[in-house]
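File shown here: run_26.csv, holding CSV, C-alpha atoms.
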chain,number,residue,atom,x,y,z
A,804,MET,CA,53.6,92.8,-8.7
A,805,THR,CA,50.5,94.8,-8.6
A,806,THR,CA,47.3,93.7,-7.0
A,807,ALA,CA,45.6,93.5,-10.4
A,808,GLU,CA,48.3,91.2,-11.7
A,809,MET,CA,47.9,88.9,-8.6
A,810,LEU,CA,44.1,88.8,-9.1
A,811,ASN,CA,44.6,87.9,-12.8
A,812,ILE,CA,46.9,85.0,-11.8
A,813,GLU,CA,44.5,83.7,-9.2
A,814,THR,CA,41.6,84.0,-11.6
A,815,SER,CA,43.6,82.1,-14.3
A,816,GLY,CA,44.5,79.3,-11.8
A,817,LEU,CA,40.9,79.0,-10.6
A,818,GLU,CA,39.7,78.8,-14.2
A,819,THR,CA,42.3,76.1,-14.9
A,820,ILE,CA,41.1,74.1,-11.8
A,821,VAL,CA,37.5,74.5,-12.8
A,822,SER,CA,38.3,73.5,-16.3
A,823,SER,CA,40.2,70.4,-15.1
A,824,ILE,CA,37.4,69.4,-12.8
A,825,GLY,CA,34.9,69.9,-15.6
A,826,GLN,CA,36.9,67.7,-18.0
A,827,TRP,CA,37.3,65.0,-15.3
A,828,ALA,CA,33.5,65.1,-14.6
A,829,ILE,CA,32.7,64.8,-18.3
A,830,LYS,CA,35.1,61.9,-18.7
A,831,PHE,CA,33.9,60.2,-15.5
A,832,GLY,CA,30.3,60.8,-16.5
A,833,MET,CA,30.9,59.2,-19.9
A,834,LYS,CA,32.6,56.2,-18.2
A,835,LEU,CA,29.7,56.0,-15.7
A,836,LEU,CA,27.1,56.2,-18.5
A,837,ALA,CA,29.0,53.5,-20.4
A,838,ALA,CA,29.3,51.3,-17.3
A,839,VAL,CA,25.5,51.6,-16.7
A,840,GLY,CA,24.8,50.6,-20.3
A,841,ILE,CA,27.2,47.7,-20.0
A,842,PHE,CA,25.6,46.6,-16.8
A,843,ILE,CA,22.1,46.7,-18.2
A,844,ILE,CA,23.0,44.9,-21.4
A,845,GLY,CA,25.3,42.5,-19.7
A,846,MET,CA,22.7,41.4,-17.2
A,847,TRP,CA,20.2,41.0,-19.9
A,848,LEU,CA,22.6,38.9,-22.0
A,849,ALA,CA,23.5,36.8,-18.9
A,850,ASN,CA,19.8,36.0,-18.3
A,851,ARG,CA,19.2,35.3,-22.0
A,852,LEU,CA,22.1,32.9,-22.2
A,853,THR,CA,21.0,31.2,-19.0
A,854,MET,CA,17.5,30.7,-20.5
A,855,SER,CA,19.0,29.3,-23.7
A,856,LEU,CA,21.1,26.8,-21.7
A,857,LYS,CA,18.0,25.8,-19.8
A,858,ASN,CA,16.2,25.0,-23.0
A,859,VAL,CA,19.1,22.9,-24.2
A,860,MET,CA,19.3,21.0,-20.9
A,861,GLU,CA,15.5,20.4,-21.0
A,862,ARG,CA,15.8,19.0,-24.5
A,863,ARG,CA,18.6,16.7,-23.4
A,864,ARG,CA,16.6,15.7,-20.3
A,865,LEU,CA,19.4,16.5,-17.9
A,866,GLU,CA,19.0,15.4,-14.3
A,867,PRO,CA,16.8,18.1,-12.6
A,868,SER,CA,19.2,18.6,-9.6
A,869,LEU,CA,22.2,19.0,-11.9
A,870,LYS,CA,20.3,21.3,-14.3
A,871,THR,CA,19.3,23.6,-11.4
A,872,PHE,CA,22.8,23.7,-10.0
A,873,LEU,CA,24.5,24.3,-13.4
A,874,LEU,CA,22.1,27.1,-14.4
A,875,SER,CA,22.6,28.9,-11.0
A,876,PHE,CA,26.3,28.5,-11.2
A,877,ILE,CA,26.7,29.7,-14.8
A,878,ASN,CA,24.3,32.6,-14.1
A,879,ILE,CA,26.4,33.7,-11.1
A,880,LEU,CA,29.6,33.5,-13.1
A,881,LEU,CA,28.2,35.5,-16.0
A,882,LYS,CA,27.0,38.2,-13.7
A,883,ILE,CA,30.4,38.4,-11.9
A,884,PHE,CA,32.0,38.7,-15.3
A,885,VAL,CA,29.7,41.6,-16.1
A,886,LEU,CA,30.4,43.4,-12.8
A,887,VAL,CA,34.2,43.0,-13.4
A,888,ILE,CA,33.8,44.7,-16.8
A,889,VAL,CA,31.7,47.5,-15.3
A,890,LEU,CA,34.3,48.2,-12.6
A,891,ALA,CA,37.1,48.2,-15.2
A,892,THR,CA,35.0,50.6,-17.4
A,893,VAL,CA,34.6,53.0,-14.5
A,894,GLY,CA,38.4,53.0,-14.0
A,895,VAL,CA,39.1,50.4,-11.3
A,896,GLN,CA,42.4,48.7,-11.9
A,897,MET,CA,41.9,45.0,-13.0
A,898,THR,CA,45.0,43.9,-11.0
A,899,SER,CA,43.2,45.2,-7.8
A,900,ILE,CA,40.0,43.3,-8.8
A,901,VAL,CA,41.9,40.1,-9.5
A,902,ALA,CA,43.9,40.4,-6.2
A,903,VAL,CA,40.7,40.9,-4.2
A,904,LEU,CA,38.9,38.0,-5.9
A,905,GLY,CA,42.0,35.8,-5.4
A,906,ALA,CA,42.3,36.6,-1.7
A,907,ALA,CA,38.6,36.1,-1.1
A,908,SER,CA,38.6,32.8,-3.0
A,909,LEU,CA,41.6,31.6,-0.9
A,910,ALA,CA,39.9,32.6,2.4
A,911,VAL,CA,36.6,31.0,1.5
A,912,GLY,CA,38.3,27.9,0.2
A,913,MET,CA,40.3,27.4,3.5
A,914,ALA,CA,37.2,28.1,5.6
A,915,LEU,CA,34.9,25.8,3.7
A,916,SER,CA,37.3,22.9,2.8
A,917,GLY,CA,34.9,20.2,4.0
A,918,THR,CA,32.0,21.9,2.4
A,919,LEU,CA,33.8,22.2,-0.9
A,920,GLN,CA,34.6,18.4,-0.7
A,921,ASN,CA,30.9,17.8,-0.4
A,922,PHE,CA,30.2,20.2,-3.2
A,923,ALA,CA,32.6,18.3,-5.5
A,924,GLY,CA,31.1,15.0,-4.4
A,925,GLY,CA,27.6,16.3,-5.3
A,926,ILE,CA,28.9,17.2,-8.8
A,927,VAL,CA,30.4,13.7,-9.3
A,928,ILE,CA,27.1,12.1,-8.2
A,929,LEU,CA,25.0,14.3,-10.4
A,930,LEU,CA,27.3,13.8,-13.4
A,931,PHE,CA,28.1,10.0,-13.2
A,932,ARG,CA,24.8,9.0,-11.5
A,933,PRO,CA,25.8,6.0,-9.4
A,934,PHE,CA,22.3,6.3,-8.0
A,935,ARG,CA,19.1,8.3,-8.8
A,936,VAL,CA,16.1,9.6,-6.9
A,937,GLY,CA,14.0,6.6,-6.0
A,938,ASP,CA,16.9,4.0,-5.9
A,939,THR,CA,17.5,1.9,-2.8
A,940,ILE,CA,21.2,2.1,-1.8
A,941,GLU,CA,23.5,0.8,0.9
A,942,THR,CA,26.4,3.0,1.8
A,943,ALA,CA,29.9,2.2,3.0
A,944,SER,CA,28.8,3.2,6.6
A,945,GLY,CA,26.1,0.6,6.5
A,946,LYS,CA,23.1,3.0,6.0
A,947,THR,CA,20.4,1.6,3.8
A,948,GLY,CA,17.4,3.4,2.4
A,949,VAL,CA,15.6,5.0,-0.5
A,950,VAL,CA,17.1,8.2,-2.1
A,951,LYS,CA,14.6,11.0,-1.9
A,952,ARG,CA,16.7,14.0,-3.0
A,953,ILE,CA,20.2,14.6,-4.3
A,954,MET,CA,21.3,18.1,-3.3
A,955,ILE,CA,24.6,19.9,-3.9
A,956,PHE,CA,26.1,19.2,-0.5
A,957,THR,CA,24.0,16.3,0.9
A,958,THR,CA,21.8,13.4,-0.2
A,959,GLU,CA,18.5,12.8,1.6
A,960,LEU,CA,18.0,9.1,2.4
A,961,ARG,CA,14.8,7.7,3.9
A,962,THR,CA,15.3,4.4,5.8
A,963,PHE,CA,12.9,1.5,5.9
A,964,ASP,CA,11.8,2.5,9.4
A,965,ASN,CA,10.9,6.0,8.0
A,966,GLN,CA,13.9,7.9,9.4
A,967,VAL,CA,15.3,10.7,7.3
A,968,MET,CA,19.1,10.9,7.0
A,969,TYR,CA,21.2,13.5,5.3
A,970,LEU,CA,24.5,12.0,4.1
A,971,PRO,CA,27.5,14.2,3.0
A,972,ASN,CA,28.1,13.9,-0.7
A,973,GLY,CA,31.9,13.8,-0.3
A,974,ALA,CA,31.7,10.5,1.7
A,975,LEU,CA,29.2,9.1,-0.8
A,976,ALA,CA,31.3,9.9,-3.8
A,977,ASN,CA,34.5,8.5,-2.3
A,978,GLY,CA,33.0,5.4,-0.6
A,979,ILE,CA,31.5,2.1,-1.7
A,980,ILE,CA,27.8,2.4,-2.7
A,981,THR,CA,25.7,-0.7,-3.3
A,982,ASN,CA,22.7,0.2,-5.5
A,983,LEU,CA,20.1,-2.4,-4.7
A,984,SER,CA,17.7,-1.0,-7.4
A,985,ARG,CA,19.9,-1.7,-10.4
A,986,GLY,CA,18.8,-5.0,-12.0
A,987,SER,CA,15.3,-6.3,-11.9
A,988,VAL,CA,15.9,-9.6,-10.2
A,989,ARG,CA,17.8,-10.8,-7.1
A,990,ARG,CA,19.0,-14.1,-5.7
A,991,ASN,CA,18.0,-15.0,-2.2
A,992,ASP,CA,19.3,-17.7,0.1
A,993,LEU,CA,17.3,-19.3,2.9
A,994,THR,CA,18.8,-21.7,5.4
A,995,VAL,CA,16.7,-24.6,6.7
A,996,SER,CA,18.0,-26.9,9.4
A,997,ILE,CA,16.7,-30.5,9.8
A,998,SER,CA,17.6,-33.3,12.1
A,999,TYR,CA,20.2,-35.9,11.4
A,1000,GLY,CA,18.6,-39.1,10.0
A,1001,ALA,CA,15.9,-37.2,8.0
A,1002,LYS,CA,15.6,-37.9,4.3
A,1003,ILE,CA,17.3,-35.1,2.4
A,1004,SER,CA,15.4,-36.1,-0.8
A,1005,THR,CA,12.1,-35.8,0.9
A,1006,ALA,CA,13.0,-32.3,2.3
A,1007,ARG,CA,14.2,-31.2,-1.1
A,1008,ARG,CA,11.0,-32.4,-2.8
A,1009,GLU,CA,8.7,-30.7,-0.3
A,1010,ILE,CA,10.6,-27.4,-0.4
A,1011,LEU,CA,10.6,-27.4,-4.2
A,1012,ASN,CA,6.9,-28.0,-4.2
A,1013,ILE,CA,6.5,-24.9,-2.0
A,1014,LEU,CA,8.8,-22.8,-4.3
A,1015,ASN,CA,7.0,-24.0,-7.5
A,1016,LYS,CA,3.6,-23.0,-6.2
A,1017,ASP,CA,4.8,-19.4,-5.5
A,1018,LYS,CA,4.5,-17.4,-8.7
A,1019,ARG,CA,7.0,-14.8,-7.4
A,1020,VAL,CA,9.8,-17.4,-7.5
A,1021,LEU,CA,11.3,-17.4,-10.9
A,1022,THR,CA,11.8,-20.6,-12.9
A,1023,ASP,CA,14.8,-19.3,-14.8
A,1024,PRO,CA,17.2,-19.5,-13.1
A,1025,ALA,CA,15.7,-22.6,-11.4
A,1026,PRO,CA,15.6,-22.9,-7.6
A,1027,LEU,CA,18.4,-24.9,-6.1
A,1028,ILE,CA,18.5,-26.8,-2.7
A,1029,PHE,CA,21.7,-28.3,-1.4
A,1030,ILE,CA,23.4,-29.2,1.9
A,1031,SER,CA,25.6,-26.3,2.9
A,1032,SER,CA,26.8,-27.5,6.3
A,1033,MET,CA,26.5,-30.3,8.9
A,1034,GLY,CA,26.5,-28.8,12.4
A,1035,ASP,CA,26.6,-30.4,15.9
A,1036,SER,CA,22.9,-31.2,16.0
A,1037,ALA,CA,21.5,-30.4,12.5
A,1038,VAL,CA,22.0,-30.6,8.8
A,1039,THR,CA,21.7,-27.2,7.2
A,1040,LEU,CA,20.1,-26.9,3.7
A,1041,THR,CA,20.5,-23.8,1.6
A,1042,VAL,CA,17.4,-22.9,-0.4
A,1043,ARG,CA,18.5,-20.7,-3.3
A,1044,TYR,CA,16.0,-19.0,-5.6
A,1045,TRP,CA,15.5,-15.8,-7.7
A,1046,SER,CA,12.7,-13.3,-7.6
A,1047,ARG,CA,12.0,-9.7,-8.5
A,1048,TYR,CA,13.7,-7.3,-6.1
A,1049,ALA,CA,10.4,-5.7,-5.0
A,1050,ASP,CA,9.1,-9.2,-4.0
A,1051,ILE,CA,12.1,-10.4,-2.0
A,1052,THR,CA,11.0,-9.4,1.5
A,1053,ASP,CA,7.4,-10.7,1.2
A,1054,THR,CA,8.5,-13.9,-0.6
A,1055,THR,CA,11.0,-14.7,2.0
A,1056,ALA,CA,8.5,-14.3,4.9
A,1057,ASP,CA,5.9,-16.4,3.1
A,1058,LEU,CA,8.3,-19.2,2.1
A,1059,MET,CA,9.7,-19.5,5.6
A,1060,GLU,CA,6.2,-19.8,7.1
A,1061,GLN,CA,5.2,-22.5,4.6
A,1062,ILE,CA,8.4,-24.5,5.2
A,1063,TYR,CA,7.9,-24.3,8.9
A,1064,GLU,CA,4.3,-25.6,8.6
A,1065,THR,CA,4.9,-28.2,5.9
A,1066,LEU,CA,8.1,-30.1,6.9
A,1067,PRO,CA,7.0,-31.4,10.3
A,1068,LYS,CA,3.9,-33.0,8.6
A,1069,LYS,CA,6.4,-35.1,6.6
A,1070,LYS,CA,8.3,-36.1,9.7
A,1071,LEU,CA,11.1,-33.7,9.0
A,1072,ASN,CA,11.7,-32.0,12.3
A,1073,PHE,CA,13.6,-28.9,13.1
A,1074,PRO,CA,16.3,-29.7,15.7
A,1075,PHE,CA,17.3,-27.6,18.7
A,1076,PRO,CA,20.7,-27.7,20.5
A,1077,GLN,CA,21.1,-30.7,22.8
A,1078,VAL,CA,23.8,-31.6,25.3
A,1079,ASP,CA,24.3,-35.2,26.4
A,1080,VAL,CA,25.6,-35.5,29.9
A,1081,HIS,CA,27.2,-38.7,31.0
A,1082,VAL,CA,27.5,-39.3,34.8
A,1083,VAL,CA,30.3,-41.5,35.8
A,1084,LYS,CA,29.8,-43.3,39.2

What does this structure look like when you write it as structure tokens?
Amino acid sequence: MTTAEMLNIETSGLETIVSSIGQWAIKFGMKLLAAVGIFIIGMWLANRLTMSLKNVMERRRLEPSLKTFLLSFINILLKIFVLVIVLATVGVQMTSIVAVLGAASLAVGMALSGTLQNFAGGIVILLFRPFRVGDTIETASGKTGVVKRIMIFTTELRTFDNQVMYLPNGALANGIITNLSRGSVRRNDLTVSISYGAKISTARREILNILNKDKRVLTDPAPLIFISSMGDSAVTLTVRYWSRYADITDTTADLMEQIYETLPKKKLNFPFPQVDVHVVK
């Protein structure tokens, strides 16, 4: 084979390689251009769809915390979907993408198992609304306070002595919650101890007079006074009445003070523990 023939073969092979590279570059460029177009249009559509969902949620007056979370979550899912389509358009195998996403999800799920439980608890609270912002609740752990914020992982609670507590939503969603703000009126029981030998009818009449003069005490249901126990040195009366939830604390304090000042004037004394000692000579 002559030198000219060898040069022709080399030139032909080089042209073939250049042609193949050119064709690959053109195809890849077209895919890349299509991927860029899909990315731009997809992101625009994701944002538009998110705004449309926001308008729907606002018309339905959805809980603000739930609305914010759902919009963020849906927007992220839509954008991830767009990115997957873009990668597939460029030529990345879908099986590889699914495998990577699956492995990442498993790793994150195992690392954040407790956090995911709180996340699920937050969704349950926001959807079923066992309490709302501004409600006074008592949790299964004995914590009582006013709900200030319901977040995705925790709930902010402000106690009556002005402490701020952050409770995990997982425990709240799975535990017993007493919502003290549901219902406009509450029943309250006071205990009053009087000496043996005192007239129960007189004590009942005087206490009822005190209750009837207080406008915060409801007449329906009517107040009730009865003997609840007879101890070693006193007869215990239970004073049962109903009032608005917001008035319970102040009403209780005022009624106890008036009972304390009024009963002794009617010769109804409050006993104290006594021990009789008998000396045998």

Exercise. Which distance in Å separates CA of Ala849 (chain A) and CA of Gly925 (chain A), to one decimal?
Worked result: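 About the pair CA of Ala849 (chain A) and CA of Gly925 (chain A): they are 24.9 Å apart.
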
Exercise. For the atom pair CA of Phe1075 (chain A) and CA of Thr1039 (chain A), what is the interatomic distance in Å to one decimal place?
Worked result: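 If I compute the distance from CA of Phe1075 (chain A) to CA of Thr1039 (chain A), I get 12.3 Å.
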
Exercise. Suppose you want the space between CA of Ala837 (chain A) and CA of Leu856 (chain A); what is it in Å?
Worked result: 27.9 Å

For Ile955 (chain A), find every residue with an atom within 12 Å (counting all atoms listed in the file), except residues of its own chain fewer than 3 positions away, and show them as a PDB file with C-alpha atoms, in the coordinates of the input.
ATOM      1  CA  PRO A 867      16.800  18.100 -12.600  1.00  0.00           C
ATOM      2  CA  SER A 868      19.200  18.600  -9.600  1.00  0.00           C
ATOM      3  CA  LEU A 869      22.200  19.000 -11.900  1.00  0.00           C
ATOM      4  CA  LYS A 870      20.300  21.300 -14.300  1.00  0.00           C
ATOM      5  CA  THR A 871      19.300  23.600 -11.400  1.00  0.00           C
ATOM      6  CA  PHE A 872      22.800  23.700 -10.000  1.00  0.00           C
ATOM      7  CA  LEU A 873      24.500  24.300 -13.400  1.00  0.00           C
ATOM      8  CA  SER A 875      22.600  28.900 -11.000  1.00  0.00           C
ATOM      9  CA  PHE A 876      26.300  28.500 -11.200  1.00  0.00           C
ATOM     10  CA  THR A 918      32.000  21.900   2.400  1.00  0.00           C
ATOM     11  CA  LEU A 919      33.800  22.200  -0.900  1.00  0.00           C
ATOM     12  CA  GLN A 920      34.600  18.400  -0.700  1.00  0.00           C
ATOM     13  CA  ASN A 921      30.900  17.800  -0.400  1.00  0.00           C
ATOM     14  CA  PHE A 922      30.200  20.200  -3.200  1.00  0.00           C
ATOM     15  CA  ALA A 923      32.600  18.300  -5.500  1.00  0.00           C
ATOM     16  CA  GLY A 924      31.100  15.000  -4.400  1.00  0.00           C
ATOM     17  CA  GLY A 925      27.600  16.300  -5.300  1.00  0.00           C
ATOM     18  CA  ILE A 926      28.900  17.200  -8.800  1.00  0.00           C
ATOM     19  CA  VAL A 927      30.400  13.700  -9.300  1.00  0.00           C
ATOM     20  CA  ILE A 928      27.100  12.100  -8.200  1.00  0.00           C
ATOM     21  CA  LEU A 929      25.000  14.300 -10.400  1.00  0.00           C
ATOM     22  CA  LEU A 930      27.300  13.800 -13.400  1.00  0.00           C
ATOM     23  CA  ARG A 952      16.700  14.000  -3.000  1.00  0.00           C
ATOM     24  CA  THR A 958      21.800  13.400  -0.200  1.00  0.00           C
ATOM     25  CA  GLU A 959      18.500  12.800   1.600  1.00  0.00           C
ATOM     26  CA  TYR A 969      21.200  13.500   5.300  1.00  0.00           C
ATOM     27  CA  LEU A 970      24.500  12.000   4.100  1.00  0.00           C
ATOM     28  CA  PRO A 971      27.500  14.200   3.000  1.00  0.00           C
ATOM     29  CA  ASN A 972      28.100  13.900  -0.700  1.00  0.00           C
ATOM     30  CA  GLY A 973      31.900  13.800  -0.300  1.00  0.00           C
TER      31      GLY A 973
END

Exercise. Pick the closest to Asn850 (chain A) from A:Lys882, A:Arg1043, A:Arg961, A:Lys1070: which is it, counting all atoms listed in the file?
Worked result: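 Checking each candidate against Asn850 (chain A), we get A:Lys882 as the closest.
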
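Of the residues listed (A:Asn1072, A:Ser998, A:Thr957, A:Thr1065), A:Ser998 shows the shortest atom-to-atom separation from Asp1035 (chain A); distances use only C-alpha atoms.
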
For this session: Compile the contact shell of region 1014-1027 of chain A as a list of chain:residue names: residues with an atom at most 9 Å away, counting all atoms listed in the file, same-chain residues fewer than 4 positions apart removed.
Result: A:Glu1009, A:Ile1010, A:Thr1041, A:Val1042, A:Arg1043, A:Tyr1044, A:Trp1045, A:Ser1046, A:Arg1047, A:Asp1050, A:Ile1051, A:Thr1054, A:Leu1058

Residues from the last selection, C-alpha atoms, saved as a PDB file, keeping the file's coordinate frame:
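Below is the file that was written, out.pdb:
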ATOM      1  CA  GLU A1009       8.700 -30.700  -0.300  1.00  0.00           C
ATOM      2  CA  ILE A1010      10.600 -27.400  -0.400  1.00  0.00           C
ATOM      3  CA  THR A1041      20.500 -23.800   1.600  1.00  0.00           C
ATOM      4  CA  VAL A1042      17.400 -22.900  -0.400  1.00  0.00           C
ATOM      5  CA  ARG A1043      18.500 -20.700  -3.300  1.00  0.00           C
ATOM      6  CA  TYR A1044      16.000 -19.000  -5.600  1.00  0.00           C
ATOM      7  CA  TRP A1045      15.500 -15.800  -7.700  1.00  0.00           C
ATOM      8  CA  SER A1046      12.700 -13.300  -7.600  1.00  0.00           C
ATOM      9  CA  ARG A1047      12.000  -9.700  -8.500  1.00  0.00           C
ATOM     10  CA  ASP A1050       9.100  -9.200  -4.000  1.00  0.00           C
ATOM     11  CA  ILE A1051      12.100 -10.400  -2.000  1.00  0.00           C
ATOM     12  CA  THR A1054       8.500 -13.900  -0.600  1.00  0.00           C
ATOM     13  CA  LEU A1058       8.300 -19.200   2.100  1.00  0.00           C
TER      14      LEU A1058
END

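All polymer residues at most 12 Å from (24.2, 45.3, -19.1), using only C-alpha atoms, appear as Leu836, Ala837, Ala838, Val839, Gly840, Ile841, Phe842, Ile843, Ile844, Gly845, Met846, Trp847, Leu848, Ala849, Asn850, Arg851, Leu881, Lys882, Ile883, Phe884, Val885, Leu886, Val887, Ile888 and Val889 of chain A.
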
Exercise. Between A:Met860, A:Leu880, A:Val936, A:Ala1001, which one has atoms that come closest to Lys1069 (chain A), using only C-alpha atoms?
Worked result: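 So, comparing all the options, the nearest one is A:Ala1001.
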
Problem set entry | Spatial sel., origin (5.0, -33.1, 5.0), limit 12 Å, all atoms listed in the file, listed as a ChimeraX atom specification | /A:1002,1005-1010,1012-1013,1061-1072

Exercise. From the set A:Ile879, A:Leu835, A:Ala1049, A:Val1080, which residue has the shortest atom-to-atom contact distance to Arg985 (chain A), counting only C-alpha atoms?
Worked result: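 Closest to Arg985 (chain A) of all the choices is A:Ala1049.
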
Problem set entry | Spatial neighbours of Thr962 (chain A), 6 Å, all atoms listed in the file, chain gap at least 3 places, as number ranges by chain | A: 948, 965-966
